[in-house]
Amino acid sequence: MSTIRLEGIVKRYGASVAAQIARLEIGDGEIVSLLGPSGCGKTTTLRIVAGLIEQDEGDLWFGDRLVNDVPPERRNAAMVFQNYALFPHMTVRQNIAFGLEVRKLPRREIDRRVDAVLDLVKLPGTGDRLPKQLSGGQQQRIAIARAVATEPDVLLFDEPLSNLDAKLREYMRFELRKLLETLKVTTLYVTHDQAEAMVISDRIVVMDKGAIVQLDTPHRVYRDPATRFVAEFVGTASFFEGRVESWSAADGRGVVATADGLRLVGRGGALRPGDAVVLCARPEAIELHPAGGFAAGDHAGVVEAIVDLGEMVDFHVRIGRWVVRTRTLGGPRPGGQGEAVAVRIDPERCYVVPA
Ligand SMILES: Nc1ncnc2c1ncn2[C@@H]1O[C@H](COP(=O)(O)OP(=O)(O)OP(=O)(O)O)[C@@H](O)[C@H]1O
Ligand SMILES: [Mg+2]
């Protein structure tokens, strides 16, 4: 096992910067995801760690070993790709054994490890099949087994589940998390799927335009997004732009006033009265009540749209010039389309970030 440390890493293509990681440290046995939209530099960063791309600037450390000039095959890192990258003409057993034969392990040890990793990914007895005789999900598990068999210090994943259908992808997230917990190998995991990152990771690195925007636990990334971009990318949120009216540094909360006269309470970091801010309200922060049931602090709203998703119902509600989104479980509805409602917003689930 090994920690991974990136310091002042920069990778450019011509004039454009593909990745710039000022500092990132992944603990021993920790599972960290790189999460962000297409083109934000996730694969570039991962490939720099793997040694498949050379950085223009900065240092990369595995534990206390500076690996800048260490070739990929000597970094003891194993990578799992989106397209599985299995050898089609080799059996499952031969695929998994390949990396072990390259390392010249004794035959008996190779056989032992192949059987062990096939058990680990819950595909015992498939050793003699060709990859094409397995489903996509099974092929991906073989690719994972092949990576794990070399007993790497570091595991690297690049969107390993994105070729699977939605149902299988959701199932595999949990399976993979369980597997990684058993292995306790330091893992860097690339995905653009926020739900996947939430399930898989101990900590999430949210990236935008090549750089880290936030590095935090899944819970904190969701609850205390550093910027509007993070709030928008991870989960759903409604936004109110305004200025801080009053702020208590001690409580980390205060009042935001919008130009059209709404006053909303939220939590946040170090802010001061007059700061231009955005208040991000999660769907679960917003409760709808029949228009007759107004309480102090409620806002007058009108239901603009209702989207029935079966297990949940999505509401788009207009409050003055703002449209917010909230959800209820199936069951009685607080108002139909076009109806007036009382909107109650829970300050605990609103986070205020600089505009
Ligand atoms: N070989 C290359 N030559 C020129 N530009 C490149 C090259 N590889 C990547 N880039 C650019 O670097 C940026 C980051 O690319 P990267 O592949 O790291 O993104 P990503 O976050 O993995 O995106 P995706 O989710 O689409 O896989 C992009 O703007 C991309 O166009
Ligand atoms: Mg990529």
# chains A, B, ... in the order shown; residues from 1 in each chain; ligands from 1
$ residues_around --residues "segment 46-53 of chain A" --least-positions-apart "5" --cutoff "7 Å" --atoms "only C-alpha atoms" --output "PyMOL selection string"
chain A and resi 71-72+77
$ residues_around --residues "Gly29 of chain A" --least-positions-apart "2" --cutoff "9 Å" --atoms "only C-alpha atoms" --output "MDAnalysis selection string"
chainID A and resid 1:3 26:27 31 153:154 180:181 183:187
$ residues_around --residues "segment 342-344 of chain A" --least-positions-apart "2" --cutoff "7 Å" --atoms "only C-alpha atoms" --output "mmCIF file with N, CA, C and O atoms, in the first residue's frame"
data_model
loop_
_atom_site.group_PDB
_atom_site.id
_atom_site.type_symbol
_atom_site.label_atom_id
_atom_site.label_comp_id
_atom_site.auth_asym_id
_atom_site.auth_seq_id
_atom_site.Cartn_x
_atom_site.Cartn_y
_atom_site.Cartn_z
ATOM 1 N N ILE A 286 -36.987 22.352 0.965
ATOM 2 C CA ILE A 286 -38.174 23.105 0.553
ATOM 3 C C ILE A 286 -39.436 22.274 0.760
ATOM 4 O O ILE A 286 -39.593 21.214 0.185
ATOM 5 N N GLU A 287 -40.289 22.783 1.650
ATOM 6 C CA GLU A 287 -41.530 22.078 1.973
ATOM 7 C C GLU A 287 -42.709 22.885 1.449
ATOM 8 O O GLU A 287 -42.747 24.105 1.615
ATOM 9 N N LEU A 288 -43.663 22.198 0.860
ATOM 10 C CA LEU A 288 -44.853 22.883 0.353
ATOM 11 C C LEU A 288 -46.039 22.592 1.272
ATOM 12 O O LEU A 288 -46.203 21.473 1.732
ATOM 13 N N HIS A 289 -46.834 23.622 1.524
ATOM 14 C CA HIS A 289 -48.044 23.452 2.336
ATOM 15 C C HIS A 289 -49.209 24.107 1.599
ATOM 16 O O HIS A 289 -49.000 25.018 0.811
ATOM 17 N N PRO A 290 -50.430 23.648 1.877
ATOM 18 C CA PRO A 290 -51.584 24.300 1.254
ATOM 19 C C PRO A 290 -51.582 25.791 1.585
ATOM 20 O O PRO A 290 -51.128 26.180 2.672
ATOM 21 N N ALA A 291 -52.040 26.611 0.638
ATOM 22 C CA ALA A 291 -51.931 28.064 0.782
ATOM 23 C C ALA A 291 -52.628 28.574 2.043
ATOM 24 O O ALA A 291 -52.303 29.651 2.533
ATOM 25 N N GLY A 293 -52.290 27.341 4.946
ATOM 26 C CA GLY A 293 -51.506 27.046 6.149
ATOM 27 C C GLY A 293 -50.250 27.864 6.317
ATOM 28 O O GLY A 293 -49.214 27.334 6.709
ATOM 29 N N PHE A 294 -50.322 29.158 6.018
ATOM 30 C CA PHE A 294 -49.133 30.011 6.124
ATOM 31 C C PHE A 294 -48.615 30.114 7.556
ATOM 32 O O PHE A 294 -49.387 30.282 8.487
ATOM 33 N N ASP A 298 -42.863 31.871 5.891
ATOM 34 C CA ASP A 298 -43.222 31.164 4.654
ATOM 35 C C ASP A 298 -43.252 32.140 3.480
ATOM 36 O O ASP A 298 -43.481 33.342 3.652
ATOM 37 N N HIS A 299 -43.027 31.576 2.283
ATOM 38 C CA HIS A 299 -43.095 32.393 1.074
ATOM 39 C C HIS A 299 -44.309 31.980 0.259
ATOM 40 O O HIS A 299 -44.679 30.807 0.257
ATOM 41 N N ALA A 300 -44.904 32.944 -0.433
ATOM 42 C CA ALA A 300 -46.050 32.631 -1.279
ATOM 43 C C ALA A 300 -45.540 32.090 -2.610
ATOM 44 O O ALA A 300 -44.699 32.716 -3.256
ATOM 45 N N GLY A 301 -46.015 30.900 -3.000
ATOM 46 C CA GLY A 301 -45.567 30.297 -4.254
ATOM 47 C C GLY A 301 -46.721 29.820 -5.104
ATOM 48 O O GLY A 301 -47.861 29.733 -4.633
ATOM 49 N N ASP A 346 -36.071 25.384 4.873
ATOM 50 C CA ASP A 346 -35.320 25.034 6.081
ATOM 51 C C ASP A 346 -33.885 25.576 5.992
ATOM 52 O O ASP A 346 -33.104 25.124 5.161
#
$ residues_near_ligand --ligand "ligand 1" --cutoff "7 Å" --atoms "only C-alpha atoms and all ligand atoms" --output "VMD selection string"
chain A and resid 13 17 to 19 36 to 45 192 210
$ write_last_selection --atoms "N, CA and C atoms" --output "short mmCIF file (atom, residue, chain, number, x, y, z; two decimals), in the first residue's frame"
data_model
loop_
_atom_site.label_atom_id
_atom_site.label_comp_id
_atom_site.auth_asym_id
_atom_site.auth_seq_id
_atom_site.Cartn_x
_atom_site.Cartn_y
_atom_site.Cartn_z
N TYR A 13 -1.74 21.18 -23.08
CA TYR A 13 -1.72 20.79 -24.50
C TYR A 13 -1.72 22.09 -25.28
N VAL A 17 -4.59 24.45 -20.64
CA VAL A 17 -4.20 23.65 -19.48
C VAL A 17 -5.22 22.54 -19.28
N ALA A 18 -4.79 21.28 -19.38
CA ALA A 18 -5.71 20.15 -19.22
C ALA A 18 -5.90 19.80 -17.75
N ALA A 19 -4.85 19.98 -16.95
CA ALA A 19 -4.96 19.68 -15.51
C ALA A 19 -3.97 20.55 -14.75
N GLY A 36 -16.30 15.33 -12.02
CA GLY A 36 -16.47 16.61 -12.72
C GLY A 36 -16.99 16.39 -14.12
N PRO A 37 -17.39 17.47 -14.79
CA PRO A 37 -17.97 17.35 -16.12
C PRO A 37 -16.94 16.93 -17.17
N SER A 38 -17.43 16.56 -18.33
CA SER A 38 -16.57 16.14 -19.42
C SER A 38 -15.52 17.21 -19.74
N GLY A 39 -14.28 16.78 -19.86
CA GLY A 39 -13.22 17.71 -20.25
C GLY A 39 -12.57 18.45 -19.10
N CYS A 40 -12.94 18.14 -17.85
CA CYS A 40 -12.42 18.91 -16.71
C CYS A 40 -11.04 18.43 -16.28
N GLY A 41 -10.52 17.34 -16.88
CA GLY A 41 -9.15 16.93 -16.57
C GLY A 41 -9.02 15.69 -15.70
N LYS A 42 -10.09 14.94 -15.54
CA LYS A 42 -10.06 13.74 -14.68
C LYS A 42 -9.12 12.68 -15.23
N THR A 43 -9.33 12.30 -16.51
CA THR A 43 -8.51 11.25 -17.12
C THR A 43 -7.05 11.68 -17.19
N THR A 44 -6.83 12.94 -17.53
CA THR A 44 -5.46 13.46 -17.59
C THR A 44 -4.76 13.27 -16.25
N THR A 45 -5.45 13.65 -15.17
CA THR A 45 -4.86 13.53 -13.83
C THR A 45 -4.59 12.06 -13.49
N HIS A 192 -17.89 10.77 -13.87
CA HIS A 192 -18.62 12.03 -14.02
C HIS A 192 -20.00 11.88 -13.38
N GLY A 210 -9.87 21.73 -15.10
CA GLY A 210 -8.53 21.25 -14.79
C GLY A 210 -8.11 21.35 -13.34
#
$ residues_around --residues "segment 222-232 of chain A" --least-positions-apart "3" --cutoff "8 Å" --atoms "only C-alpha atoms" --output "list in words"
Val206, Val213, Gln214, Pro218, His219, Gly235, Thr236, Ala237, Gly268, Val278, Cys280, Arg349, Tyr351, Val353, Pro354 and Ala355 of chain A
$ closest_residue --among "A:Val234, A:Met207, A:Val313, A:Val244" --to "ligand 2" --atoms "only C-alpha atoms and all ligand atoms"
A:Met207
$ closest_residue --among "A:Asp308, A:Asp158, A:Glu339, A:Asp165" --to "ligand 2" --atoms "only C-alpha atoms and all ligand atoms"
A:Asp158
$ atom_distance --atom1 "atom CA of Gln140 of chain A" --atom2 "atom CA of Ile212 of chain A"
28.6 Å
$ closest_residue --among "A:Arg321, A:Asn68, A:Val148, A:Tyr171" --to "Phe239 of chain A" --atoms "only C-alpha atoms"
A:Arg321
$ select_by_dssp --residues "segment 113-326 of chain A" --states "helix (DSSP H, G or I)" --output "VMD selection string"
chain A and resid 113 to 120 131 to 133 136 to 149 166 to 183 194 to 200 218 to 223 228 to 233 283 to 285 291 to 293
